[in-house]
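Colleague: target_20.csv is reproduced in full below (CSV, C-alpha atoms (C1' of nucleotides)).
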```csv
chain,number,residue,atom,x,y,z
A,1,MET,CA,3.5,1.1,-2.7
A,2,LYS,CA,1.4,-1.1,-4.8
A,3,MET,CA,2.1,-4.5,-3.4
A,4,THR,CA,-1.2,-6.1,-2.7
A,5,THR,CA,-2.9,-9.5,-2.4
A,6,LYS,CA,-3.6,-9.3,-6.1
A,7,GLY,CA,0.0,-9.4,-7.0
A,8,ARG,CA,0.8,-12.0,-4.5
A,9,TYR,CA,-2.1,-14.2,-5.7
A,10,ALA,CA,-1.0,-13.8,-9.3
A,11,VAL,CA,2.6,-14.9,-8.6
A,12,THR,CA,1.5,-17.8,-6.5
A,13,ALA,CA,-1.0,-18.9,-9.2
A,14,ILE,CA,1.3,-18.6,-12.2
A,15,LEU,CA,4.0,-20.5,-10.2
A,16,ASP,CA,1.4,-23.2,-9.7
A,17,VAL,CA,1.0,-23.4,-13.5
A,18,ALA,CA,4.7,-23.5,-14.0
A,19,LEU,CA,5.0,-26.4,-11.6
A,20,HIS,CA,2.2,-28.4,-13.1
A,21,ASP,CA,2.0,-27.8,-16.8
A,22,SER,CA,4.2,-30.7,-17.8
A,23,ASN,CA,1.0,-32.8,-17.8
A,24,GLY,CA,-0.9,-30.4,-20.1
A,25,PRO,CA,-2.9,-27.3,-19.4
A,26,VAL,CA,-3.6,-26.5,-15.7
A,27,ASN,CA,-7.2,-25.4,-15.0
A,28,LEU,CA,-8.2,-22.8,-12.6
A,29,SER,CA,-10.3,-25.0,-10.3
A,30,ASP,CA,-7.2,-27.0,-9.5
A,31,ILE,CA,-5.2,-23.9,-8.8
A,32,SER,CA,-8.0,-22.6,-6.7
A,33,GLN,CA,-8.0,-25.8,-4.6
A,34,ARG,CA,-4.2,-26.2,-4.4
A,35,GLN,CA,-3.4,-22.6,-3.5
A,36,ASP,CA,-6.6,-21.9,-1.6
A,37,LEU,CA,-7.5,-18.9,-3.7
A,38,PRO,CA,-11.0,-17.9,-4.8
A,39,LEU,CA,-11.8,-19.3,-8.3
A,40,THR,CA,-13.7,-16.3,-9.6
A,41,TYR,CA,-10.9,-14.0,-8.5
A,42,LEU,CA,-8.4,-16.2,-10.4
A,43,GLU,CA,-10.4,-15.7,-13.5
A,44,GLN,CA,-9.9,-12.0,-13.3
A,45,LEU,CA,-6.2,-12.4,-12.7
A,46,PHE,CA,-5.6,-14.9,-15.6
A,47,SER,CA,-7.5,-12.7,-17.9
A,48,LYS,CA,-4.8,-10.0,-17.3
A,49,LEU,CA,-2.0,-12.5,-17.4
A,50,LYS,CA,-3.2,-13.6,-20.8
A,51,LYS,CA,-3.5,-10.1,-22.2
A,52,ASN,CA,0.1,-9.6,-21.2
A,53,HIS,CA,1.2,-12.8,-22.9
A,54,LEU,CA,2.4,-14.5,-19.8
A,55,VAL,CA,0.0,-17.5,-20.2
A,56,GLU,CA,-2.0,-19.0,-23.0
A,57,SER,CA,-5.3,-20.7,-22.6
A,58,ALA,CA,-7.1,-23.8,-24.0
A,59,ARG,CA,-10.8,-24.0,-23.7
A,60,GLY,CA,-13.1,-27.0,-23.4
A,61,PRO,CA,-12.6,-30.2,-21.5
A,62,GLY,CA,-9.0,-30.8,-20.5
A,63,GLY,CA,-8.4,-27.1,-21.1
A,64,GLY,CA,-6.7,-24.7,-18.8
A,65,TYR,CA,-3.6,-22.4,-18.8
A,66,ARG,CA,0.0,-22.9,-19.6
A,67,LEU,CA,3.0,-20.6,-19.7
A,68,ALA,CA,3.3,-18.6,-22.9
A,69,GLN,CA,7.0,-18.2,-22.4
A,70,GLY,CA,9.7,-20.2,-20.8
A,71,ALA,CA,9.7,-20.2,-17.0
A,72,ASP,CA,13.1,-18.6,-17.2
A,73,GLN,CA,11.7,-15.7,-19.2
A,74,ILE,CA,8.9,-14.8,-16.9
A,75,THR,CA,10.0,-12.5,-14.0
A,76,VAL,CA,8.1,-11.9,-10.8
A,77,ALA,CA,8.1,-8.2,-11.7
A,78,LYS,CA,6.2,-8.9,-15.0
A,79,VAL,CA,3.6,-10.9,-13.2
A,80,ILE,CA,2.9,-8.2,-10.7
A,81,TYR,CA,2.9,-5.5,-13.2
A,82,SER,CA,0.4,-7.4,-15.3
A,83,VAL,CA,-2.3,-7.6,-12.6
A,84,ASP,CA,-1.6,-4.5,-10.6
A,85,GLU,CA,-0.9,-0.9,-11.3
A,86,PRO,CA,2.9,-0.5,-11.7
A,87,ILE,CA,4.6,-0.7,-8.3
A,88,ASP,CA,5.3,2.9,-7.3
A,89,VAL,CA,6.0,4.4,-4.0
A,90,THR,CA,6.0,8.1,-5.1
A,91,ARG,CA,3.2,10.5,-4.5
A,92,CYS,CA,3.2,11.8,-8.0
A,93,LYS,CA,3.7,8.5,-10.0
A,94,GLY,CA,7.1,9.7,-11.0
A,95,LYS,CA,5.8,12.8,-12.7
A,96,GLN,CA,7.7,15.1,-10.4
A,97,ASN,CA,4.6,17.2,-9.6
A,98,CYS,CA,4.4,16.1,-6.0
A,99,GLN,CA,4.5,19.7,-4.8
A,100,GLY,CA,2.5,22.0,-6.9
A,101,ASP,CA,4.1,21.4,-10.2
A,102,LEU,CA,7.6,20.6,-8.8
A,103,ARG,CA,9.4,17.8,-7.1
A,104,CYS,CA,8.8,17.4,-3.4
A,105,LEU,CA,11.6,17.1,-0.9
A,106,THR,CA,11.7,13.3,-0.9
A,107,HIS,CA,10.8,12.6,-4.6
A,108,ASP,CA,14.2,11.2,-5.5
A,109,LEU,CA,14.2,9.0,-2.4
A,110,TRP,CA,11.0,7.2,-3.4
A,111,MET,CA,12.2,6.9,-7.0
A,112,GLU,CA,15.3,5.2,-5.7
A,113,LEU,CA,13.3,2.8,-3.6
A,114,ASN,CA,11.2,2.0,-6.7
A,115,MET,CA,14.3,1.2,-8.6
A,116,HIS,CA,15.5,-1.0,-5.8
A,117,ILE,CA,12.4,-3.0,-5.6
A,118,SER,CA,12.0,-3.4,-9.3
A,119,GLY,CA,15.6,-4.4,-9.6
A,120,PHE,CA,15.0,-7.2,-7.2
A,121,LEU,CA,11.8,-8.4,-8.8
A,122,ASN,CA,13.1,-8.1,-12.3
A,123,GLY,CA,16.0,-10.4,-11.4
A,124,LEU,CA,13.8,-13.2,-10.3
A,125,THR,CA,12.1,-15.6,-12.7
A,126,LEU,CA,9.7,-18.4,-12.2
A,127,ALA,CA,12.4,-20.8,-13.1
A,128,ASP,CA,14.5,-19.5,-10.1
A,129,LEU,CA,11.5,-20.0,-7.8
A,130,ILE,CA,10.9,-23.6,-9.0
A,131,ASN,CA,14.4,-24.5,-8.2
A,132,ARG,CA,14.1,-23.4,-4.6
A,133,ASN,CA,13.9,-26.0,-2.0
A,134,ASN,CA,11.2,-24.3,0.0
A,135,VAL,CA,9.0,-24.0,-3.1
A,136,LYS,CA,9.6,-27.7,-4.0
A,137,GLN,CA,8.6,-28.8,-0.5
A,138,VAL,CA,5.5,-26.8,-0.3
A,139,SER,CA,4.5,-27.8,-3.8
A,140,GLU,CA,4.9,-31.5,-2.9
A,141,ARG,CA,2.9,-31.1,0.2
A,142,GLN,CA,0.1,-29.5,-1.8
A,143,ASP,CA,0.1,-32.3,-4.4
A,144,VAL,CA,-0.2,-34.9,-1.8
A,145,ILE,CA,-3.2,-33.2,-0.3
A,146,MET,CA,-4.8,-32.9,-3.7
A,147,MET,CA,-4.4,-36.6,-4.3
A,148,GLN,CA,-6.1,-37.4,-1.0
A,149,LEU,CA,-9.0,-35.1,-1.8
A,150,GLN,CA,-9.6,-36.8,-5.1
A,151,SER,CA,-9.6,-40.4,-3.8
B,1,MET,CA,3.2,-3.6,1.2
B,2,LYS,CA,2.8,-0.9,3.7
B,3,MET,CA,4.2,2.0,2.0
B,4,THR,CA,1.6,4.8,2.2
B,5,THR,CA,1.3,8.5,2.1
B,6,LYS,CA,1.5,8.5,5.8
B,7,GLY,CA,5.1,7.2,5.8
B,8,ARG,CA,6.0,9.5,2.9
B,9,TYR,CA,4.7,12.5,4.7
B,10,ALA,CA,6.5,11.6,7.9
B,11,VAL,CA,9.8,11.3,6.2
B,12,THR,CA,9.3,14.5,4.3
B,13,ALA,CA,8.3,16.3,7.5
B,14,ILE,CA,11.0,15.1,9.8
B,15,LEU,CA,13.5,15.9,7.0
B,16,ASP,CA,12.1,19.4,7.1
B,17,VAL,CA,12.8,19.5,10.8
B,18,ALA,CA,16.4,18.2,10.3
B,19,LEU,CA,17.0,20.9,7.6
B,20,HIS,CA,15.7,23.8,9.7
B,21,ASP,CA,16.3,23.1,13.4
B,22,SER,CA,19.5,25.0,13.6
B,23,ASN,CA,17.5,28.1,14.3
B,24,GLY,CA,15.6,26.6,17.1
B,25,PRO,CA,12.4,24.4,17.2
B,26,VAL,CA,10.5,24.0,14.0
B,27,ASN,CA,6.7,24.4,14.3
B,28,LEU,CA,4.2,22.4,12.4
B,29,SER,CA,2.5,25.4,10.6
B,30,ASP,CA,5.8,26.1,8.9
B,31,ILE,CA,6.3,22.5,7.9
B,32,SER,CA,2.7,22.4,6.7
B,33,GLN,CA,3.3,25.5,4.5
B,34,ARG,CA,6.7,24.5,3.2
B,35,GLN,CA,5.9,20.9,2.4
B,36,ASP,CA,2.3,21.4,1.5
B,37,LEU,CA,1.0,18.9,4.0
B,38,PRO,CA,-2.2,19.2,6.1
B,39,LEU,CA,-1.4,20.7,9.5
B,40,THR,CA,-3.8,18.5,11.5
B,41,TYR,CA,-2.5,15.4,9.8
B,42,LEU,CA,1.1,16.4,10.8
B,43,GLU,CA,0.0,16.7,14.4
B,44,GLN,CA,-1.0,13.0,14.3
B,45,LEU,CA,2.3,12.0,12.7
B,46,PHE,CA,4.5,14.0,15.1
B,47,SER,CA,2.7,12.5,18.1
B,48,LYS,CA,3.9,9.1,16.9
B,49,LEU,CA,7.4,10.4,16.1
B,50,LYS,CA,7.6,11.7,19.6
B,51,LYS,CA,6.5,8.5,21.2
B,52,ASN,CA,9.2,6.8,19.3
B,53,HIS,CA,11.8,9.3,20.5
B,54,LEU,CA,12.7,10.6,17.1
B,55,VAL,CA,11.7,14.1,17.9
B,56,GLU,CA,11.2,16.2,21.0
B,57,SER,CA,8.8,19.0,21.4
B,58,ALA,CA,8.7,22.5,23.0
B,59,ARG,CA,5.3,24.1,23.7
B,60,GLY,CA,4.3,27.7,23.7
B,61,PRO,CA,5.4,30.6,21.6
B,62,GLY,CA,8.6,29.9,19.7
B,63,GLY,CA,8.0,26.2,20.3
B,64,GLY,CA,7.9,23.3,17.9
B,65,TYR,CA,9.9,20.2,17.2
B,66,ARG,CA,13.5,19.2,16.9
B,67,LEU,CA,15.3,16.0,16.4
B,68,ALA,CA,15.7,13.9,19.5
B,69,GLN,CA,18.8,12.2,18.0
B,70,GLY,CA,21.5,13.1,15.6
B,71,ALA,CA,20.4,13.2,12.0
B,72,ASP,CA,22.9,10.4,11.4
B,73,GLN,CA,21.2,8.2,13.9
B,74,ILE,CA,17.7,8.4,12.4
B,75,THR,CA,17.1,6.1,9.6
B,76,VAL,CA,14.3,6.4,7.0
B,77,ALA,CA,13.1,2.9,8.2
B,78,LYS,CA,12.7,4.1,11.8
B,79,VAL,CA,10.6,7.0,10.6
B,80,ILE,CA,8.3,4.9,8.5
B,81,TYR,CA,8.0,2.2,11.2
B,82,SER,CA,7.0,4.9,13.7
B,83,VAL,CA,4.0,6.1,11.9
B,84,ASP,CA,2.9,3.1,9.9
B,85,GLU,CA,2.4,-0.6,10.6
B,86,PRO,CA,5.7,-2.4,9.9
B,87,ILE,CA,6.4,-2.7,6.3
B,88,ASP,CA,5.4,-6.2,5.3
B,89,VAL,CA,4.6,-7.8,2.0
B,90,THR,CA,3.5,-11.2,3.1
B,91,ARG,CA,-0.1,-12.4,3.5
B,92,CYS,CA,0.5,-13.8,6.9
B,93,LYS,CA,2.7,-11.1,8.5
B,94,GLY,CA,5.5,-13.5,8.7
B,95,LYS,CA,3.6,-16.1,10.7
B,96,GLN,CA,3.8,-18.8,8.0
B,97,ASN,CA,0.1,-19.5,8.3
B,98,CYS,CA,-0.7,-18.2,4.8
B,99,GLN,CA,-2.3,-21.4,3.7
B,100,GLY,CA,-4.3,-23.0,6.4
B,101,ASP,CA,-1.7,-23.2,9.2
B,102,LEU,CA,1.2,-23.7,6.8
B,103,ARG,CA,3.4,-21.7,4.5
B,104,CYS,CA,2.0,-20.8,1.1
B,105,LEU,CA,4.0,-21.4,-2.0
B,106,THR,CA,5.5,-18.0,-2.2
B,107,HIS,CA,5.9,-17.2,1.5
B,108,ASP,CA,9.7,-17.1,1.4
B,109,LEU,CA,9.7,-14.9,-1.7
B,110,TRP,CA,7.8,-12.2,0.1
B,111,MET,CA,9.9,-12.5,3.2
B,112,GLU,CA,12.9,-12.0,1.1
B,113,LEU,CA,11.5,-8.9,-0.5
B,114,ASN,CA,10.7,-7.6,2.9
B,115,MET,CA,14.3,-8.0,4.0
B,116,HIS,CA,15.5,-6.3,0.8
B,117,ILE,CA,13.4,-3.2,1.3
B,118,SER,CA,14.1,-3.0,5.0
B,119,GLY,CA,17.8,-3.3,4.3
B,120,PHE,CA,17.7,-0.4,2.0
B,121,LEU,CA,15.7,1.9,4.3
B,122,ASN,CA,17.7,0.9,7.3
B,123,GLY,CA,20.9,2.0,5.6
B,124,LEU,CA,19.7,5.4,4.9
B,125,THR,CA,19.7,8.2,7.5
B,126,LEU,CA,18.4,11.8,7.5
B,127,ALA,CA,22.0,12.9,7.4
B,128,ASP,CA,22.5,11.1,4.2
B,129,LEU,CA,19.5,12.8,2.7
B,130,ILE,CA,20.5,16.2,3.8
B,131,ASN,CA,23.8,15.8,2.0
B,132,ARG,CA,22.1,15.0,-1.3
B,133,ASN,CA,22.2,17.7,-4.0
B,134,ASN,CA,18.6,17.2,-5.0
B,135,VAL,CA,17.4,17.6,-1.5
B,136,LYS,CA,19.5,20.8,-1.0
B,137,GLN,CA,18.1,22.2,-4.2
B,138,VAL,CA,14.4,21.6,-3.4
B,139,SER,CA,14.9,22.8,0.2
B,140,GLU,CA,16.4,26.1,-1.0
B,141,ARG,CA,13.6,26.6,-3.4
B,142,GLN,CA,11.1,26.0,-0.6
B,143,ASP,CA,12.9,28.5,1.7
B,144,VAL,CA,12.8,31.2,-0.9
B,145,ILE,CA,9.1,30.7,-1.4
B,146,MET,CA,8.5,30.9,2.3
B,147,MET,CA,10.4,34.2,2.5
B,148,GLN,CA,8.3,35.6,-0.3
B,149,LEU,CA,5.0,34.6,1.4
B,150,GLN,CA,6.0,36.3,4.7
B,151,SER,CA,7.0,39.6,3.2
C,1,DA,C1',-25.3,-32.6,-27.9
C,2,DT,C1',-23.2,-31.6,-23.8
C,3,DA,C1',-20.1,-30.9,-20.2
C,4,DT,C1',-16.1,-28.4,-19.4
C,5,DA,C1',-13.7,-24.4,-18.9
C,6,DC,C1',-12.4,-19.9,-20.4
C,7,DT,C1',-14.3,-14.6,-21.0
C,8,DT,C1',-16.1,-10.3,-19.8
C,9,DG,C1',-17.8,-6.6,-17.3
C,10,DA,C1',-20.4,-4.7,-14.0
C,11,DC,C1',-21.3,-4.6,-9.2
C,12,DT,C1',-20.7,-4.4,-4.0
C,13,DA,C1',-19.2,-4.9,0.7
C,14,DA,C1',-15.7,-4.1,3.7
C,15,DA,C1',-11.5,-2.3,5.1
C,16,DA,C1',-8.0,1.0,5.2
C,17,DA,C1',-6.2,5.5,4.5
C,18,DA,C1',-6.4,10.3,4.5
C,19,DC,C1',-8.1,14.0,6.4
C,20,DT,C1',-11.1,17.2,9.6
C,21,DA,C1',-13.1,19.2,13.8
C,22,DG,C1',-13.1,20.9,18.1
C,23,DG,C1',-11.5,21.1,21.8
C,24,DT,C1',-7.5,21.1,26.1
C,25,DT,C1',-3.1,22.1,28.1
C,26,DA,C1',1.4,24.2,28.5
C,27,DT,C1',4.5,28.2,28.1
C,28,DG,C1',7.0,32.3,26.8
C,29,DT,C1',6.2,37.4,26.5
C,30,DG,C1',4.6,42.0,27.6
D,1,DC,C1',-1.5,38.2,35.3
D,2,DA,C1',-3.4,38.1,30.5
D,3,DC,C1',-2.9,36.5,26.2
D,4,DA,C1',-1.1,34.7,22.2
D,5,DT,C1',1.0,30.7,20.4
D,6,DA,C1',1.7,26.1,19.5
D,7,DA,C1',1.7,21.4,21.1
D,8,DC,C1',-1.5,17.8,22.4
D,9,DC,C1',-5.6,14.7,22.3
D,10,DT,C1',-9.8,12.3,20.8
D,11,DA,C1',-13.3,11.4,17.8
D,12,DG,C1',-15.2,11.5,14.1
D,13,DT,C1',-16.0,11.7,8.6
D,14,DT,C1',-14.9,11.1,3.9
D,15,DT,C1',-12.6,9.0,0.3
D,16,DT,C1',-10.3,5.5,-2.0
D,17,DT,C1',-8.8,1.0,-2.6
D,18,DT,C1',-9.2,-3.8,-2.2
D,19,DA,C1',-11.0,-8.1,-2.5
D,20,DG,C1',-14.3,-10.6,-4.0
D,21,DT,C1',-19.1,-11.8,-6.3
D,22,DC,C1',-22.5,-12.4,-9.9
D,23,DA,C1',-24.4,-13.2,-14.2
D,24,DA,C1',-24.4,-14.0,-18.8
D,25,DG,C1',-22.0,-15.3,-22.0
D,26,DT,C1',-18.4,-18.1,-25.8
D,27,DA,C1',-15.5,-21.7,-27.5
D,28,DT,C1',-14.1,-26.6,-27.8
D,29,DA,C1',-13.0,-31.6,-26.9
D,30,DT,C1',-15.4,-35.8,-26.8
```
If you convert what's in this file into structure tokens, what do you get?
Modeller:
Amino acid sequence: MKMTTKGRYAVTAILDVALHDSNGPVNLSDISQRQDLPLTYLEQLFSKLKKNHLVESARGPGGGYRLAQGADQITVAKVIYSVDEPIDVTRCKGKQNCQGDLRCLTHDLWMELNMHISGFLNGLTLADLINRNNVKQVSERQDVIMMQLQS
Amino acid sequence: MKMTTKGRYAVTAILDVALHDSNGPVNLSDISQRQDLPLTYLEQLFSKLKKNHLVESARGPGGGYRLAQGADQITVAKVIYSVDEPIDVTRCKGKQNCQGDLRCLTHDLWMELNMHISGFLNGLTLADLINRNNVKQVSERQDVIMMQLQS
DNA sequence: ATATACTTGACTAAAAAACTAGGTTATGTG
DNA sequence: CACATAACCTAGTTTTTTAGTCAAGTATAT
């Protein structure tokens, strides 16, 4: 399956935007510091997130990114799909040509697993995550550390 | 996530054993032909399946592998776990040290996804698969082709 | 003007996955 | 007993993917 650091980073980063964009656009350096992710890598990821209309950007001083849709409209699945190849556990990418030009013995099993995972990730939005206690706690911790670094 | 060809091959191959071991041990060359998987790679996989007591082996002519437990006792999860590292979608392997020595913002999300996938795969046995129509159909097709090749 | 910050695309090092090679050992059969 | 068969074992090698860097831009607020 396609479930890599890239997708994880993207979800973490866009969640960071969702948590902070009430004070205007969030810039990548801040995200990089807060979430401990490489800045240049984030640039790549946000380029894709923007192409997929999940974030919008503002250039220049005070610029950065904000959500292009409501946090309750952006699902975790969309974010992962934006930066990674579609999540897929089959050998044939769903084309049913896993054995010669026919379905292999376990084709349907992997398809089912795909659906299962997608179902879970489709049902989960950034708004859901923001409301979770564990996310709130970690986010507050990170904000405190940022304040200390800047003073 | 750790969901690779290796795990897929292993499930396909052991399912092949489950489907055919009523006529005595199933040898790897046959599996290799029927499922179109590299023989030497299968050897590696079955070595692990045996270590994990999912199959037992018989050497010499007429030898091969058969299930070491009932098909209703062997879950897809067990098979995958046997040949691959544990399925895990977190950055920290569940150790909560994804950011410095603390939990990252999305730690709990990935843990939850882990549970979800494991739950699905734990609830599915080889016996379940054998009873599926799509598996029966593909298996019959494969058997016919094997007969043709041998004649 | 100038500093800030986004944009783009090519490039690379490192790790993991997939697969191969070449043997050794056990065992049923004639 | 010889010999064919098939499991077993240990190292490789090759390929692919991933994660991340670098460099050279462009746009914009102040």
Colleague: Counting only C-alpha atoms, which residues from chain B have an atom at most 10 Å from any atom of chain A, and could you show them as a PDB file with C-alpha atoms, in the frame of the given file?
Modeller:
```
ATOM      1  CA  MET B   1       3.200  -3.600   1.200  1.00  0.00           C
ATOM      2  CA  LYS B   2       2.800  -0.900   3.700  1.00  0.00           C
ATOM      3  CA  MET B   3       4.200   2.000   2.000  1.00  0.00           C
ATOM      4  CA  THR B   4       1.600   4.800   2.200  1.00  0.00           C
ATOM      5  CA  THR B   5       1.300   8.500   2.100  1.00  0.00           C
ATOM      6  CA  ARG B   8       6.000   9.500   2.900  1.00  0.00           C
ATOM      7  CA  TYR B   9       4.700  12.500   4.700  1.00  0.00           C
ATOM      8  CA  VAL B  11       9.800  11.300   6.200  1.00  0.00           C
ATOM      9  CA  THR B  12       9.300  14.500   4.300  1.00  0.00           C
ATOM     10  CA  ALA B  13       8.300  16.300   7.500  1.00  0.00           C
ATOM     11  CA  LEU B  15      13.500  15.900   7.000  1.00  0.00           C
ATOM     12  CA  ASP B  16      12.100  19.400   7.100  1.00  0.00           C
ATOM     13  CA  ARG B  34       6.700  24.500   3.200  1.00  0.00           C
ATOM     14  CA  GLN B  35       5.900  20.900   2.400  1.00  0.00           C
ATOM     15  CA  ASP B  36       2.300  21.400   1.500  1.00  0.00           C
ATOM     16  CA  LEU B  37       1.000  18.900   4.000  1.00  0.00           C
ATOM     17  CA  VAL B  76      14.300   6.400   7.000  1.00  0.00           C
ATOM     18  CA  ASP B  88       5.400  -6.200   5.300  1.00  0.00           C
ATOM     19  CA  VAL B  89       4.600  -7.800   2.000  1.00  0.00           C
ATOM     20  CA  THR B  90       3.500 -11.200   3.100  1.00  0.00           C
ATOM     21  CA  ARG B  91      -0.100 -12.400   3.500  1.00  0.00           C
ATOM     22  CA  CYS B  98      -0.700 -18.200   4.800  1.00  0.00           C
ATOM     23  CA  GLN B  99      -2.300 -21.400   3.700  1.00  0.00           C
ATOM     24  CA  GLY B 100      -4.300 -23.000   6.400  1.00  0.00           C
ATOM     25  CA  LEU B 102       1.200 -23.700   6.800  1.00  0.00           C
ATOM     26  CA  ARG B 103       3.400 -21.700   4.500  1.00  0.00           C
ATOM     27  CA  CYS B 104       2.000 -20.800   1.100  1.00  0.00           C
ATOM     28  CA  LEU B 105       4.000 -21.400  -2.000  1.00  0.00           C
ATOM     29  CA  THR B 106       5.500 -18.000  -2.200  1.00  0.00           C
ATOM     30  CA  HIS B 107       5.900 -17.200   1.500  1.00  0.00           C
ATOM     31  CA  ASP B 108       9.700 -17.100   1.400  1.00  0.00           C
ATOM     32  CA  LEU B 109       9.700 -14.900  -1.700  1.00  0.00           C
ATOM     33  CA  TRP B 110       7.800 -12.200   0.100  1.00  0.00           C
ATOM     34  CA  GLU B 112      12.900 -12.000   1.100  1.00  0.00           C
ATOM     35  CA  LEU B 113      11.500  -8.900  -0.500  1.00  0.00           C
ATOM     36  CA  ASN B 114      10.700  -7.600   2.900  1.00  0.00           C
ATOM     37  CA  HIS B 116      15.500  -6.300   0.800  1.00  0.00           C
ATOM     38  CA  ILE B 117      13.400  -3.200   1.300  1.00  0.00           C
ATOM     39  CA  PHE B 120      17.700  -0.400   2.000  1.00  0.00           C
ATOM     40  CA  LEU B 121      15.700   1.900   4.300  1.00  0.00           C
ATOM     41  CA  LEU B 124      19.700   5.400   4.900  1.00  0.00           C
ATOM     42  CA  LEU B 129      19.500  12.800   2.700  1.00  0.00           C
ATOM     43  CA  ARG B 132      22.100  15.000  -1.300  1.00  0.00           C
ATOM     44  CA  ASN B 134      18.600  17.200  -5.000  1.00  0.00           C
ATOM     45  CA  VAL B 135      17.400  17.600  -1.500  1.00  0.00           C
ATOM     46  CA  LYS B 136      19.500  20.800  -1.000  1.00  0.00           C
ATOM     47  CA  GLN B 137      18.100  22.200  -4.200  1.00  0.00           C
ATOM     48  CA  VAL B 138      14.400  21.600  -3.400  1.00  0.00           C
ATOM     49  CA  SER B 139      14.900  22.800   0.200  1.00  0.00           C
ATOM     50  CA  GLN B 142      11.100  26.000  -0.600  1.00  0.00           C
TER      51      GLN B 142
END
```
Colleague: Could you produce a table of the residues of chain A lying within 6 Å of chain C, with the nearest pair of atoms per residue and their separation in Å rounded to one decimal, using all atoms listed in the file, ordered by chain and increasing residue number, as a Markdown table?
Modeller:
```
| residue | atom | partner | partner_atom | distance |
| --- | --- | --- | --- | --- |
| A:Arg59 | CA | C:DC6 | C1' | 5.5 |
| A:Gly60 | CA | C:DT4 | C1' | 5.2 |
| A:Pro61 | CA | C:DT4 | C1' | 4.5 |
```
Colleague: Could you please determine the separation between CA of Asp128 in chain A and CA of Ser47 in chain A in Å, to one decimal place?
Modeller: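 Computed distance, CA of Asp128 in chain A to CA of Ser47 in chain A, equals 24.3 Å.
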Colleague: Got a sec to pull out which chain D residues are within 9 Å of chain B, counting all atoms listed in the file, and send them as a compact mmCIF listing (two decimals) with C-alpha atoms (C1' of nucleotides), in the frame of the given file?
Modeller:
```
# COMPACT_ATOMS: atom_id res chain seq x y z
C1' DA D 4 -1.10 34.70 22.20
C1' DT D 5 1.00 30.70 20.40
C1' DA D 6 1.70 26.10 19.50
C1' DA D 7 1.70 21.40 21.10
C1' DC D 8 -1.50 17.80 22.40
```
Colleague: So how far away is CA of Pro25 in chain B from CA of Arg66 in chain B, in Å?
Modeller: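 Computing the Euclidean distance for CA of Arg66 in chain B and CA of Pro25 in chain B yields 5.3 Å.
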Colleague: I'd like the interatomic distance between CA of Val79 in chain B and CA of Asp143 in chain B, to a tenth of an Å.
Modeller: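 If I compute the distance from CA of Val79 in chain B to CA of Asp143 in chain B, I get 23.4 Å.
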Colleague: Will you give me range 11-32 of chain B, written with C-alpha atoms and laid out as a PDB file, in the first residue's frame?
Modeller:
```
ATOM      1  CA  VAL B  11      -1.381 -14.806   1.022  1.00  0.00           C
ATOM      2  CA  THR B  12      -1.874 -15.922  -2.560  1.00  0.00           C
ATOM      3  CA  ALA B  13       0.556 -18.802  -2.154  1.00  0.00           C
ATOM      4  CA  ILE B  14      -0.766 -20.138   1.128  1.00  0.00           C
ATOM      5  CA  LEU B  15      -4.282 -19.862  -0.235  1.00  0.00           C
ATOM      6  CA  ASP B  16      -3.114 -22.024  -3.120  1.00  0.00           C
ATOM      7  CA  VAL B  17      -1.934 -24.601  -0.600  1.00  0.00           C
ATOM      8  CA  ALA B  18      -5.254 -24.455   1.223  1.00  0.00           C
ATOM      9  CA  LEU B  19      -7.096 -25.016  -2.042  1.00  0.00           C
ATOM     10  CA  HIS B  20      -5.010 -27.983  -3.126  1.00  0.00           C
ATOM     11  CA  ASP B  21      -3.724 -29.890  -0.126  1.00  0.00           C
ATOM     12  CA  SER B  22      -6.554 -32.380  -0.116  1.00  0.00           C
ATOM     13  CA  ASN B  23      -4.449 -34.442  -2.563  1.00  0.00           C
ATOM     14  CA  GLY B  24      -1.367 -34.440  -0.362  1.00  0.00           C
ATOM     15  CA  PRO B  25       1.423 -31.876   0.043  1.00  0.00           C
ATOM     16  CA  VAL B  26       1.599 -29.064  -2.479  1.00  0.00           C
ATOM     17  CA  ASN B  27       5.014 -28.347  -3.917  1.00  0.00           C
ATOM     18  CA  LEU B  28       6.379 -24.937  -4.681  1.00  0.00           C
ATOM     19  CA  SER B  29       6.935 -25.507  -8.403  1.00  0.00           C
ATOM     20  CA  ASP B  30       3.228 -26.086  -8.822  1.00  0.00           C
ATOM     21  CA  ILE B  31       2.368 -22.980  -6.844  1.00  0.00           C
ATOM     22  CA  SER B  32       4.911 -21.040  -8.835  1.00  0.00           C
TER      23      SER B  32
END
```
